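Engineer: Here you go, upload-v6.cif (mmCIF, C-alpha atoms and all ligand atoms):
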data_structure
loop_
_atom_site.label_atom_id
_atom_site.label_comp_id
_atom_site.auth_asym_id
_atom_site.auth_seq_id
_atom_site.Cartn_x
_atom_site.Cartn_y
_atom_site.Cartn_z
CA MET A 1 176.70 181.90 95.03
CA LYS A 2 175.66 184.88 92.95
CA VAL A 3 178.89 186.66 93.86
CA ILE A 4 180.95 183.72 92.69
CA LEU A 5 179.07 183.53 89.43
CA SER A 6 179.85 187.18 88.80
CA ALA A 7 183.49 186.54 89.59
CA VAL A 8 183.54 183.68 87.11
CA LEU A 9 181.85 185.82 84.48
CA ALA A 10 184.29 188.67 85.09
CA LEU A 11 187.17 186.24 84.71
CA SER A 12 185.55 184.98 81.55
CA ILE A 13 185.39 188.49 80.10
CA SER A 14 188.96 189.42 81.04
CA CYS A 15 190.28 186.18 79.58
CA SER A 16 188.12 186.24 76.49
CA ALA A 17 191.16 186.50 74.25
CA PHE A 18 192.06 182.96 75.24
CA VAL A 19 188.62 181.42 74.97
CA GLN A 20 188.32 178.79 72.29
CA SER A 21 185.02 177.12 73.13
CA PRO A 22 183.33 178.47 76.21
CA VAL A 23 182.08 175.75 78.53
CA PHE A 24 181.17 176.42 82.15
CA THR A 25 181.05 173.39 84.40
CA HIS A 26 180.04 173.21 88.00
CA ALA A 27 182.45 170.69 89.45
CA THR A 28 180.77 168.41 91.89
CA GLY A 29 182.32 165.63 93.92
CA LEU A 30 185.54 166.25 95.77
CA GLN A 31 184.94 169.86 96.68
CA LYS A 32 181.36 170.96 96.32
CA ASP A 33 182.00 174.69 96.11
CA ILE A 34 184.47 174.85 93.22
CA PHE A 35 183.48 176.31 89.89
CA SER A 36 185.82 175.19 87.18
CA VAL A 37 185.95 177.23 84.01
CA ASN A 38 187.51 174.89 81.50
CA ALA A 39 187.06 177.34 78.68
CA TYR A 40 189.98 179.46 79.88
CA THR A 41 192.52 176.98 78.60
CA ASP A 42 194.18 178.30 75.49
CA GLY A 43 196.07 175.12 74.82
CA ASP A 44 199.57 176.55 74.99
CA SER A 45 199.53 178.54 78.19
CA GLY A 46 197.20 176.15 80.02
CA ILE A 47 195.40 179.04 81.67
CA ASN A 48 192.65 177.58 83.80
CA GLY A 49 190.34 179.78 85.83
CA VAL A 50 189.12 178.14 89.00
CA VAL A 51 187.39 179.99 91.79
CA ASP A 52 187.70 178.13 95.06
CA LEU A 53 184.86 178.93 97.43
CA SER A 54 186.61 177.18 100.29
CA LEU A 55 188.73 180.35 100.47
CA LYS A 56 185.71 182.39 101.37
CA SER A 57 186.32 181.96 105.10
CA ASN A 58 189.48 184.02 104.60
CA VAL A 59 187.57 186.96 103.19
CA SER A 60 187.29 189.71 105.80
CA LYS A 61 183.91 191.26 106.37
CA GLN A 62 183.71 194.95 107.08
CA ASN A 63 181.34 196.16 109.73
CA LEU A 64 179.72 198.75 107.55
CA PRO A 65 176.76 200.82 108.74
CA PRO A 66 173.36 200.22 107.15
CA SER A 67 172.54 201.97 103.88
CA GLU A 68 169.47 203.58 105.45
CA LEU A 69 168.84 205.19 108.84
CA PRO A 70 165.76 204.10 110.84
CA ASN A 71 164.06 207.37 109.77
CA GLY A 72 164.63 206.51 106.06
CA GLY A 73 167.56 208.91 105.63
CA ARG A 74 170.09 207.72 103.05
CA ILE A 75 172.83 209.05 100.82
CA SER A 76 173.64 208.38 97.18
CA MET A 77 176.97 209.70 95.96
CA VAL A 78 176.62 210.20 92.24
CA GLY A 79 179.19 211.00 89.53
CA SER A 80 177.86 213.54 87.04
CA GLY A 81 180.52 213.07 84.35
CA PRO A 82 182.25 216.01 82.69
CA GLY A 83 179.13 218.10 82.05
CA ASP A 84 177.13 216.82 79.10
CA PRO A 85 173.86 215.23 80.37
CA ASP A 86 174.22 212.60 77.63
CA LEU A 87 177.33 211.37 79.44
CA LEU A 88 175.48 210.67 82.69
CA THR A 89 175.05 207.01 83.54
CA MET A 90 171.51 205.64 83.37
CA ALA A 91 171.67 205.18 87.15
CA ALA A 92 172.59 208.83 87.69
CA HIS A 93 169.88 209.98 85.31
CA LYS A 94 167.26 207.94 87.12
CA ILE A 95 168.28 209.04 90.59
CA LEU A 96 168.36 212.75 89.72
CA ALA A 97 164.70 212.53 88.77
CA ASP A 98 163.70 211.73 92.37
CA PRO A 99 161.44 214.69 93.27
CA ASP A 100 161.79 214.07 97.01
CA ALA A 101 165.57 214.07 97.10
CA LEU A 102 167.85 216.79 98.42
CA VAL A 103 170.73 217.25 95.97
CA VAL A 104 173.98 218.60 97.41
CA SER A 105 175.99 219.45 94.33
CA ASP A 106 179.59 220.36 93.54
CA ARG A 107 179.96 223.92 92.28
CA LEU A 108 181.28 222.79 88.86
CA VAL A 109 178.36 220.52 87.91
CA SER A 110 177.02 221.89 84.63
CA LYS A 111 173.79 223.86 84.37
CA GLU A 112 172.49 221.32 81.83
CA ILE A 113 172.77 218.58 84.46
CA LEU A 114 171.40 220.73 87.29
CA ASP A 115 168.38 221.40 85.04
CA LEU A 116 167.50 217.67 85.23
CA ILE A 117 167.10 217.74 89.00
CA GLN A 118 163.53 217.48 90.21
CA GLY A 119 164.06 217.95 93.95
CA GLU A 120 165.71 220.59 96.14
CA ILE A 121 169.30 221.65 95.24
CA LYS A 122 172.07 223.09 97.39
CA ILE A 123 175.29 224.04 95.58
CA ALA A 124 178.68 223.99 97.28
CA ARG A 125 180.41 227.33 97.55
CA LYS A 126 183.85 225.87 96.94
CA ALA A 127 185.86 228.77 95.57
CA PRO A 128 189.67 228.94 95.70
CA GLY A 129 190.82 229.58 99.25
CA CYS A 130 187.71 228.40 101.05
CA ALA A 131 187.56 224.72 100.07
CA ASP A 132 187.69 223.43 103.63
CA SER A 133 184.89 225.60 105.00
CA ALA A 134 182.77 224.80 101.93
CA GLN A 135 183.40 221.10 102.53
CA GLU A 136 182.19 221.47 106.11
CA GLU A 137 179.07 223.15 104.79
CA ILE A 138 178.51 220.21 102.41
CA TYR A 139 178.78 217.78 105.33
CA ARG A 140 176.35 219.86 107.37
CA TRP A 141 173.78 219.89 104.55
CA CYS A 142 174.11 216.12 104.09
CA LYS A 143 173.78 215.46 107.83
CA GLU A 144 170.74 217.73 108.14
CA GLY A 145 169.19 215.94 105.16
CA ILE A 146 169.56 212.42 106.49
CA ASP A 147 168.55 213.51 110.00
CA ALA A 148 165.33 214.73 108.40
CA GLY A 149 164.84 211.30 106.81
CA LYS A 150 165.62 212.52 103.29
CA HIS A 151 167.31 210.86 100.37
CA VAL A 152 170.43 213.01 99.99
CA ILE A 153 172.12 212.92 96.60
CA ARG A 154 175.72 214.05 96.82
CA LEU A 155 176.32 215.05 93.22
CA LYS A 156 179.98 215.20 92.24
CA ILE A 157 181.68 216.16 88.99
CA GLY A 158 183.26 213.42 86.92
CA ASP A 159 183.78 210.25 88.91
CA PRO A 160 183.25 210.55 92.68
CA PHE A 161 186.47 208.71 93.52
CA VAL A 162 188.84 210.63 91.24
CA PHE A 163 190.34 213.69 92.98
CA GLY A 164 187.08 214.75 94.50
CA ARG A 165 187.38 213.77 98.17
CA GLY A 166 184.90 210.97 97.41
CA GLY A 167 186.63 208.47 99.69
CA GLU A 168 186.84 211.05 102.49
CA GLU A 169 183.14 211.73 102.14
CA VAL A 170 182.29 208.03 102.35
CA LEU A 171 184.25 207.83 105.62
CA LYS A 172 182.46 210.91 106.95
CA PHE A 173 179.02 209.53 106.05
CA ARG A 174 179.90 206.25 107.76
CA GLY A 175 180.54 208.39 110.83
CA TYR A 176 176.93 209.60 110.47
CA GLY A 177 175.83 205.96 110.64
CA VAL A 178 174.99 205.43 106.98
CA GLU A 179 176.80 203.68 104.13
CA PRO A 180 176.31 205.71 100.96
CA LYS A 181 175.49 204.11 97.66
CA VAL A 182 178.18 205.25 95.21
CA ILE A 183 177.43 205.57 91.51
CA PRO A 184 180.46 205.98 89.23
CA GLY A 185 180.68 208.77 86.71
CA VAL A 186 182.67 209.41 83.54
CA SER A 187 185.86 211.04 84.78
CA SER A 188 187.18 214.15 83.08
CA ALA A 189 190.63 212.55 83.34
CA PHE A 190 189.80 210.36 80.35
CA SER A 191 186.76 211.99 78.80
CA ALA A 192 188.18 215.52 78.49
CA PRO A 193 191.16 214.39 76.37
CA LEU A 194 188.82 212.30 74.21
CA LEU A 195 186.37 215.17 73.79
CA GLY A 196 189.33 217.32 72.76
CA SER A 197 190.30 214.63 70.21
CA ILE A 198 193.34 213.42 72.16
CA PRO A 199 193.63 209.64 72.62
CA VAL A 200 195.46 209.14 75.92
CA THR A 201 197.11 205.99 74.61
CA HIS A 202 198.08 205.26 71.02
CA ARG A 203 200.05 202.32 69.72
CA GLY A 204 203.66 203.28 69.11
CA VAL A 205 203.15 206.69 70.74
CA SER A 206 202.05 206.17 74.33
CA ASN A 207 201.66 202.97 76.30
CA GLN A 208 201.06 204.40 79.76
CA VAL A 209 199.00 207.13 81.35
CA VAL A 210 199.63 208.91 84.63
CA MET A 211 196.85 210.88 86.25
CA CYS A 212 198.05 213.68 88.49
CA THR A 213 196.80 216.73 90.34
CA GLY A 214 198.49 220.12 90.09
CA TYR A 215 197.80 220.83 93.75
CA GLY A 216 198.68 218.48 96.55
CA ARG A 217 197.28 218.73 100.05
CA ASP A 218 197.55 222.25 101.53
CA GLY A 219 198.58 223.72 98.17
CA THR A 220 201.81 221.72 97.81
CA SER A 221 203.09 220.62 94.38
CA PRO A 222 203.02 216.83 94.03
CA ASP A 223 206.22 215.02 93.09
CA LEU A 224 206.71 214.83 89.34
CA ILE A 225 206.99 211.68 87.31
CA GLN A 226 210.21 211.51 85.28
CA TYR A 227 209.94 211.86 81.52
CA HIS A 228 209.21 208.78 79.47
CA LYS A 229 208.69 209.25 75.74
CA GLU A 230 205.78 206.79 75.51
CA GLN A 231 203.91 208.18 78.47
CA THR A 232 200.96 210.54 78.75
CA ILE A 233 200.34 212.66 81.82
CA VAL A 234 196.85 213.95 82.48
CA PHE A 235 196.81 216.81 85.00
CA LEU A 236 193.64 217.83 86.79
CA MET A 237 193.32 220.99 88.87
CA ALA A 238 196.50 222.39 87.41
CA VAL A 239 195.74 225.36 85.11
CA GLY A 240 196.34 227.78 87.97
CA ARG A 241 200.00 226.81 88.06
CA LEU A 242 200.56 225.85 84.42
CA ARG A 243 203.68 227.96 83.88
CA GLN A 244 205.36 226.69 87.02
CA LEU A 245 204.31 223.13 86.18
CA CYS A 246 205.92 223.25 82.71
CA GLU A 247 209.09 224.84 84.11
CA ARG A 248 209.35 222.13 86.75
CA LEU A 249 208.69 219.34 84.23
CA ILE A 250 211.52 220.62 82.04
CA ALA A 251 213.98 221.39 84.85
CA MET A 252 213.29 218.56 87.25
CA ALA A 253 211.64 215.74 85.33
CA GLY A 254 213.66 215.74 82.10
CA TYR A 255 210.87 216.82 79.74
CA PRO A 256 212.05 218.09 76.34
CA SER A 257 210.79 221.66 75.91
CA LYS A 258 209.03 220.72 72.65
CA THR A 259 206.84 218.08 74.33
CA PRO A 260 203.26 218.72 73.12
CA VAL A 261 200.69 219.98 75.63
CA GLY A 262 196.92 220.22 75.13
CA ILE A 263 194.40 221.85 77.45
CA ILE A 264 190.71 221.02 77.27
CA GLN A 265 188.49 223.47 79.08
CA ASN A 266 184.83 222.80 79.94
CA ALA A 267 184.93 219.41 78.25
CA GLY A 268 181.51 218.13 77.28
CA CYS A 269 179.89 221.54 77.79
CA PRO A 270 178.64 223.90 75.08
CA ASN A 271 181.61 226.22 75.77
CA GLN A 272 184.26 223.50 75.45
CA ARG A 273 187.55 224.58 73.88
CA THR A 274 191.02 223.21 73.38
CA VAL A 275 194.34 225.02 73.37
CA VAL A 276 197.42 223.27 72.02
CA GLY A 277 201.11 224.13 72.22
CA ASN A 278 204.22 222.69 73.74
CA MET A 279 205.92 222.79 77.10
CA GLU A 280 207.60 226.10 76.22
CA THR A 281 204.65 227.89 74.60
CA ILE A 282 201.55 226.61 76.37
CA ALA A 283 201.63 228.97 79.37
CA ASP A 284 201.65 232.04 77.09
CA LEU A 285 198.92 230.54 74.89
CA ALA A 286 196.80 229.75 77.94
CA GLU A 287 197.18 233.35 79.10
CA LYS A 288 196.36 234.66 75.64
CA TYR A 289 193.17 232.62 75.42
CA GLN A 290 192.32 233.09 79.10
CA VAL A 291 192.15 229.40 79.85
CA ALA A 292 190.49 228.79 83.21
CA ALA A 293 189.18 225.97 85.35
CA PRO A 294 187.75 223.46 84.88
CA SER A 295 190.43 222.28 82.50
CA VAL A 296 192.39 219.11 81.93
CA ILE A 297 196.00 219.35 80.76
CA VAL A 298 197.43 216.56 78.63
CA VAL A 299 201.21 216.26 78.26
CA GLY A 300 202.79 213.91 75.73
CA GLU A 301 203.14 213.04 72.06
CA VAL A 302 199.52 211.80 71.95
CA VAL A 303 198.41 215.44 71.83
CA ASN A 304 199.44 215.58 68.16
CA VAL A 305 198.14 212.20 67.02
CA LEU A 306 194.78 213.37 65.67
CA LEU A 307 195.71 216.98 65.15
CA GLU A 308 195.52 218.42 61.66
CA GLU A 309 198.58 219.91 60.07
CA ASP A 310 198.40 223.45 58.81
CA THR A 311 197.76 223.06 55.06
CA ALA A 312 199.93 226.08 54.22
CA THR A 313 202.99 225.35 56.37
CA GLY A 314 202.65 221.58 56.80
CA GLU A 315 203.31 222.18 60.50
CA GLN A 316 201.26 221.05 63.45
CA VAL A 317 198.47 223.48 64.25
CA VAL A 318 198.85 225.29 67.57
CA GLY A 319 196.71 227.73 69.52
CA LEU A 320 192.98 227.62 70.04
CA ILE A 321 191.44 224.60 68.36
CA GLN A 322 187.80 223.73 67.95
CA ASN A 323 186.53 220.59 66.31
CA MET A 324 190.02 219.87 65.01
CA THR A 325 190.15 223.19 63.20
CA ALA A 326 192.23 226.11 64.40
CA VAL A 327 189.96 229.12 64.82
CA ASP A 328 192.75 231.52 65.72
CA ALA A 329 196.31 230.29 65.72
C1 LIG B 1 188.18 218.24 92.11
S1 LIG B 1 188.66 217.62 90.57
C2 LIG B 1 187.37 216.48 90.33
C3 LIG B 1 187.61 215.52 89.21
C4 LIG B 1 186.40 214.65 88.94
N1 LIG B 1 186.09 213.83 90.06
C5 LIG B 1 186.56 213.78 87.70
O1 LIG B 1 186.60 212.55 87.78
O2 LIG B 1 186.58 214.37 86.61
C6 LIG B 1 188.21 218.96 89.53
C7 LIG B 1 189.04 218.98 88.26
O3 LIG B 1 188.50 218.07 87.31
C8 LIG B 1 188.74 218.55 86.01
N2 LIG B 1 187.44 218.69 85.32
C9 LIG B 1 186.25 218.35 85.80
N3 LIG B 1 185.29 218.55 84.88
C10 LIG B 1 185.90 219.03 83.79
C11 LIG B 1 185.46 219.43 82.49
N4 LIG B 1 184.18 219.36 82.14
N5 LIG B 1 186.37 219.87 81.61
C12 LIG B 1 187.68 219.93 81.93
N6 LIG B 1 188.16 219.57 83.14
C13 LIG B 1 187.28 219.12 84.05
C14 LIG B 1 189.46 219.88 86.16
O4 LIG B 1 190.85 219.62 86.13
C15 LIG B 1 189.03 220.30 87.53
O5 LIG B 1 189.91 221.24 88.10
#
Re-express the file's structure as C-alpha cells.
Ligand SMILES: C[S@@+](CC[C@H](N)C(=O)[O-])C[C@H]1O[C@@H](n2cnc3c(N)ncnc32)[C@H](O)[C@@H]1O

Structural biologist:
Amino acid sequence: MKVILSAVLALSISCSAFVQSPVFTHATGLQKDIFSVNAYTDGDSGINGVVDLSLKSNVSKQNLPPSELPNGGRISMVGSGPGDPDLLTMAAHKILADPDALVVSDRLVSKEILDLIQGEIKIARKAPGCADSAQEEIYRWCKEGIDAGKHVIRLKIGDPFVFGRGGEEVLKFRGYGVEPKVIPGVSSAFSAPLLGSIPVTHRGVSNQVVMCTGYGRDGTSPDLIQYHKEQTIVFLMAVGRLRQLCERLIAMAGYPSKTPVGIIQNAGCPNQRTVVGNMETIADLAEKYQVAAPSVIVVGEVVNVLLEEDTATGEQVVGLIQNMTAVDA
C-alpha cells in the first residue's frame, strides 16, 4: 500500500501544473484497491490519475539476492558527486562516516571527499590502458570485504549509473550473492556545466541535451549525433580525443565550425577551470592551457548564454575563464 501511495504522490507532483484543488480520495466499493486522484483533472484536458492495484499481479518480481550476507557482509554503492563535499547527498555523507566500513574508491574521487572517510580506504589504480585489470582489482577488494563480513562502500565519482560501470558492478555483486544498496550522486554531466556557468538548456537556445562518451567500448568512437541548432551535447571522457572529436563533428555530423565549445575541468574542486572557444579553436586552446581529465566538454550555443562579452571589443570572451572573467584570453 505504501508503494502505491508513493506512486500517487509522484503522479501528483508531476501533474502539479494541472492541479486546481488537490483532493485525494480512496475509492471504496466496486474495486477495493483503486486510488482515485480527482485533483488531476484540469477541466479542459480531463486528466485523471488513477492507479489500479488490480494490475499488480502483472508486475514481475525479480529474484534478487539479499542485501546482506549471513556473515553481515554488504555493499553500498555511493555516488560522490563531482568533487566538492558540499555536493554529496546527506545519505552519502552519513555512510562515509561509518568507521567500520571498507571504502573502495574510484581514483578520481576528490581528496576533500576522501578526507571525510572514517574507515579503511582502497583506491582504484585505474590509469589509461589498465582499466580492465584495475576493475578486476576493485572486484577482488569488494569480494574480500564482504567475505570478511564487512560493510563495503564502493565510492564512485558523480552518479554511479552514469558512465561508470555502475550497472556492471551491480550485476557482479549479485553474482557474489548480495544486492548492493545504490545511492545516487550529482553527475558531472549536469553539474560541471552549471559550475562552469553553462546552463545545459535555455529557452530559445537549447531544448534538448545529449550525454555522450568520447570513448566507446574497447577505445572505439561512439556514433555522433547529427547537428541540431537547439541541442546541447555534453561529452564525458573525451578530452583525450578533443581535436579528432571536433573534426568528426564538423565533417560527419554537420556542425558549423563556429559552434561554441566549453570545457570544465575539475568541476567543484578548488582547481576548477573553464576553457571556452569554438569547434575550430578549442583543441588548440585546450593544448595551450593543458586541459586534462577529468573534464566535461559542452558543445552548443548554450556555452555563450551567460558568458561576458569583452568590454573592449564587444566580442564573446574566449580562452581560460574563471568565475565568468577571462584571466588570460
Ligand atoms: C568514468 S566517467 C564517470 C562519470 C560519473 N559517473 C558522473 O556521473 O559524473 C568519468 C568522467 O566524468 C567526468 N567528470 C567526473 N568528475 C568530474 C569533474 N569533477 N569535473 C569535470 N569532469 C568530471 C569526466 O568527463 C571524466 O572523464

Engineer: Let me make sure I understand: among A:Asn71, A:Gln290, A:Ser197, A:Ser221, which one has the smallest atom-to-atom distance to Gly262 in chain A if we use all atoms listed in the file?

Structural biologist: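 Of the candidates, the smallest distance to Gly262 in chain A is held by A:Ser197.
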
Engineer: Write out, as a tab-separated table, each residue of chain A that has an atom at most 7 Å from ligand LIG 1 (chain B), together with the closest pair of atoms and their distance in Å to one decimal, counting all atoms listed in the file, rows going by chain and rising number.

Structural biologist:
residue	atom	partner	partner_atom	distance
A:Gly81	CA	B:LIG1	O2	6.6
A:Pro82	CA	B:LIG1	N4	3.9
A:Gly83	CA	B:LIG1	N4	5.2
A:Lys156	CA	B:LIG1	N1	6.6
A:Ile157	CA	B:LIG1	C4	5.0
A:Gly158	CA	B:LIG1	C5	3.4
A:Asp159	CA	B:LIG1	O1	3.8
A:Pro160	CA	B:LIG1	N1	5.1
A:Phe161	CA	B:LIG1	N1	6.2
A:Val162	CA	B:LIG1	N1	4.4
A:Phe163	CA	B:LIG1	C2	4.9
A:Gly164	CA	B:LIG1	C1	4.4
A:Val186	CA	B:LIG1	O1	6.6
A:Ser187	CA	B:LIG1	O1	3.4
A:Ser188	CA	B:LIG1	O2	3.6
A:Ala189	CA	B:LIG1	O2	5.5
A:Ala192	CA	B:LIG1	C12	5.6
A:Phe235	CA	B:LIG1	O4	6.7
A:Leu236	CA	B:LIG1	O4	3.4
A:Met237	CA	B:LIG1	O5	3.5
A:Ala238	CA	B:LIG1	O4	6.4
A:Ile264	CA	B:LIG1	C12	5.7
A:Gln265	CA	B:LIG1	C12	4.6
A:Asn266	CA	B:LIG1	N5	3.7
A:Ala267	CA	B:LIG1	N5	3.7
A:Gly268	CA	B:LIG1	N4	5.7
A:Cys269	CA	B:LIG1	N4	6.5
A:Ala293	CA	B:LIG1	O5	5.5
A:Pro294	CA	B:LIG1	C14	4.2
A:Ser295	CA	B:LIG1	N6	3.6
A:Val296	CA	B:LIG1	N6	4.4

Engineer: Just the number, please: distance in Å from CA of Glu68 in chain A to CA of Gly177 in chain A, one decimal.

Structural biologist: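 We find that CA of Glu68 in chain A and CA of Gly177 in chain A lie 8.5 Å from each other.
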
Engineer: Mind checking which residues fall within 12 Å of range 147-150 of chain A, counting only C-alpha atoms, ignoring those fewer than 5 positions away in the same chain, and posting them as a ChimeraX atom specification?

Structural biologist: /A:68-76,98-104,119-120,140-142,173,176-178

Engineer: Pick out the closest residue to His93 in chain A from this set: A:Asn63, A:Gly204, A:Gly185, A:Ile121. Count only C-alpha atoms.

Structural biologist: A:Gly185

Engineer: Counting all atoms listed in the file, which of A:Glu287, A:Ile250, A:Thr281, A:Val276 gets nearest to Gly319 in chain A?

Structural biologist: A:Val276

Engineer: Using all atoms listed in the file, which of the listed residues (A:Asn278, A:Ser80, A:Gln135, A:Gln316) sits closest to Leu114 in chain A?

Structural biologist: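 Closest candidate: A:Ser80.
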
Engineer: Using all atoms listed in the file, can you tell me which of A:Thr89, A:Gln244, A:Gln118, A:Thr213 comes closest to Asp284 in chain A?

Structural biologist: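 Using all atoms listed in the file, the shortest distance to Asp284 in chain A belongs to A:Gln244.
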
Engineer: Grab the CA of Met211 in chain A to CA of Gln62 in chain A distance for me, in Å with one decimal place.

Structural biologist: 29.3 Å

Engineer: Using all atoms listed in the file, pick whichever of A:Lys181, A:Arg125, A:Lys258, A:Arg248 has the shortest atom-to-atom distance to Leu224 in chain A.

Structural biologist: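 Of A:Lys181, A:Arg125, A:Lys258, A:Arg248, the one nearest Leu224 in chain A, counting all atoms listed in the file, is A:Arg248.
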
Engineer: I'd like the box whose edges run along x, y and z of the file and which contains every listed atom of range 157-167 of chain A, padded by 3 Å per side; could you state its centre and edge lengths in Å, one decimal, as AutoDock Vina command-line options?

Structural biologist:
--center_x 186.0 --center_y 212.3 --center_z 93.3 --size_x 14.7 --size_y 13.7 --size_z 18.8

Engineer: How many Å separate CA of Gly79 in chain A from CA of Asp115 in chain A?

Structural biologist: 15.7 Å

Engineer: Might you pull out every residue within 7 Å of Val205 in chain A, with all atoms listed in the file counted and same-chain residues fewer than 6 positions away left off, and present them as a PyMOL selection string?

Structural biologist: chain A and resi 230+301-302

Engineer: Is it possible to produce a file of range 190-222 of chain A from this structure, with C-alpha atoms, as an mmCIF file, in the first residue's frame?

Structural biologist:
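The resulting file, decode-v5.cif, is shown below:
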data_model
loop_
_atom_site.group_PDB
_atom_site.id
_atom_site.type_symbol
_atom_site.label_atom_id
_atom_site.label_comp_id
_atom_site.auth_asym_id
_atom_site.auth_seq_id
_atom_site.Cartn_x
_atom_site.Cartn_y
_atom_site.Cartn_z
ATOM 1 C CA PHE A 190 24.986 18.289 -15.427
ATOM 2 C CA SER A 191 26.874 19.769 -12.503
ATOM 3 C CA ALA A 192 30.135 20.523 -14.343
ATOM 4 C CA PRO A 193 28.428 22.736 -16.967
ATOM 5 C CA LEU A 194 26.496 24.506 -14.201
ATOM 6 C CA LEU A 195 29.632 25.033 -12.114
ATOM 7 C CA GLY A 196 31.258 26.477 -15.235
ATOM 8 C CA SER A 197 28.241 28.808 -15.631
ATOM 9 C CA ILE A 198 26.802 26.975 -18.631
ATOM 10 C CA PRO A 199 23.075 26.172 -18.463
ATOM 11 C CA VAL A 200 22.608 22.977 -20.484
ATOM 12 C CA THR A 201 19.158 24.089 -21.590
ATOM 13 C CA HIS A 202 17.993 27.653 -22.155
ATOM 14 C CA ARG A 203 14.708 28.793 -23.608
ATOM 15 C CA GLY A 204 15.105 29.753 -27.247
ATOM 16 C CA VAL A 205 18.676 28.434 -27.323
ATOM 17 C CA SER A 206 18.628 24.741 -26.467
ATOM 18 C CA ASN A 207 15.698 22.444 -25.832
ATOM 19 C CA GLN A 208 17.493 19.109 -25.716
ATOM 20 C CA VAL A 209 20.615 17.640 -24.175
ATOM 21 C CA VAL A 210 22.570 14.607 -25.309
ATOM 22 C CA MET A 211 25.040 12.993 -22.956
ATOM 23 C CA CYS A 212 27.828 11.129 -24.698
ATOM 24 C CA THR A 213 31.176 9.497 -24.015
ATOM 25 C CA GLY A 214 34.263 10.204 -26.114
ATOM 26 C CA TYR A 215 35.376 6.588 -25.835
ATOM 27 C CA GLY A 216 33.174 3.641 -26.633
ATOM 28 C CA ARG A 217 33.928 0.093 -25.578
ATOM 29 C CA ASP A 218 37.491 -1.011 -26.429
ATOM 30 C CA GLY A 219 38.507 2.543 -27.353
ATOM 31 C CA THR A 220 36.054 2.929 -30.249
ATOM 32 C CA SER A 221 34.487 6.318 -31.085
ATOM 33 C CA PRO A 222 30.733 6.293 -30.484
#
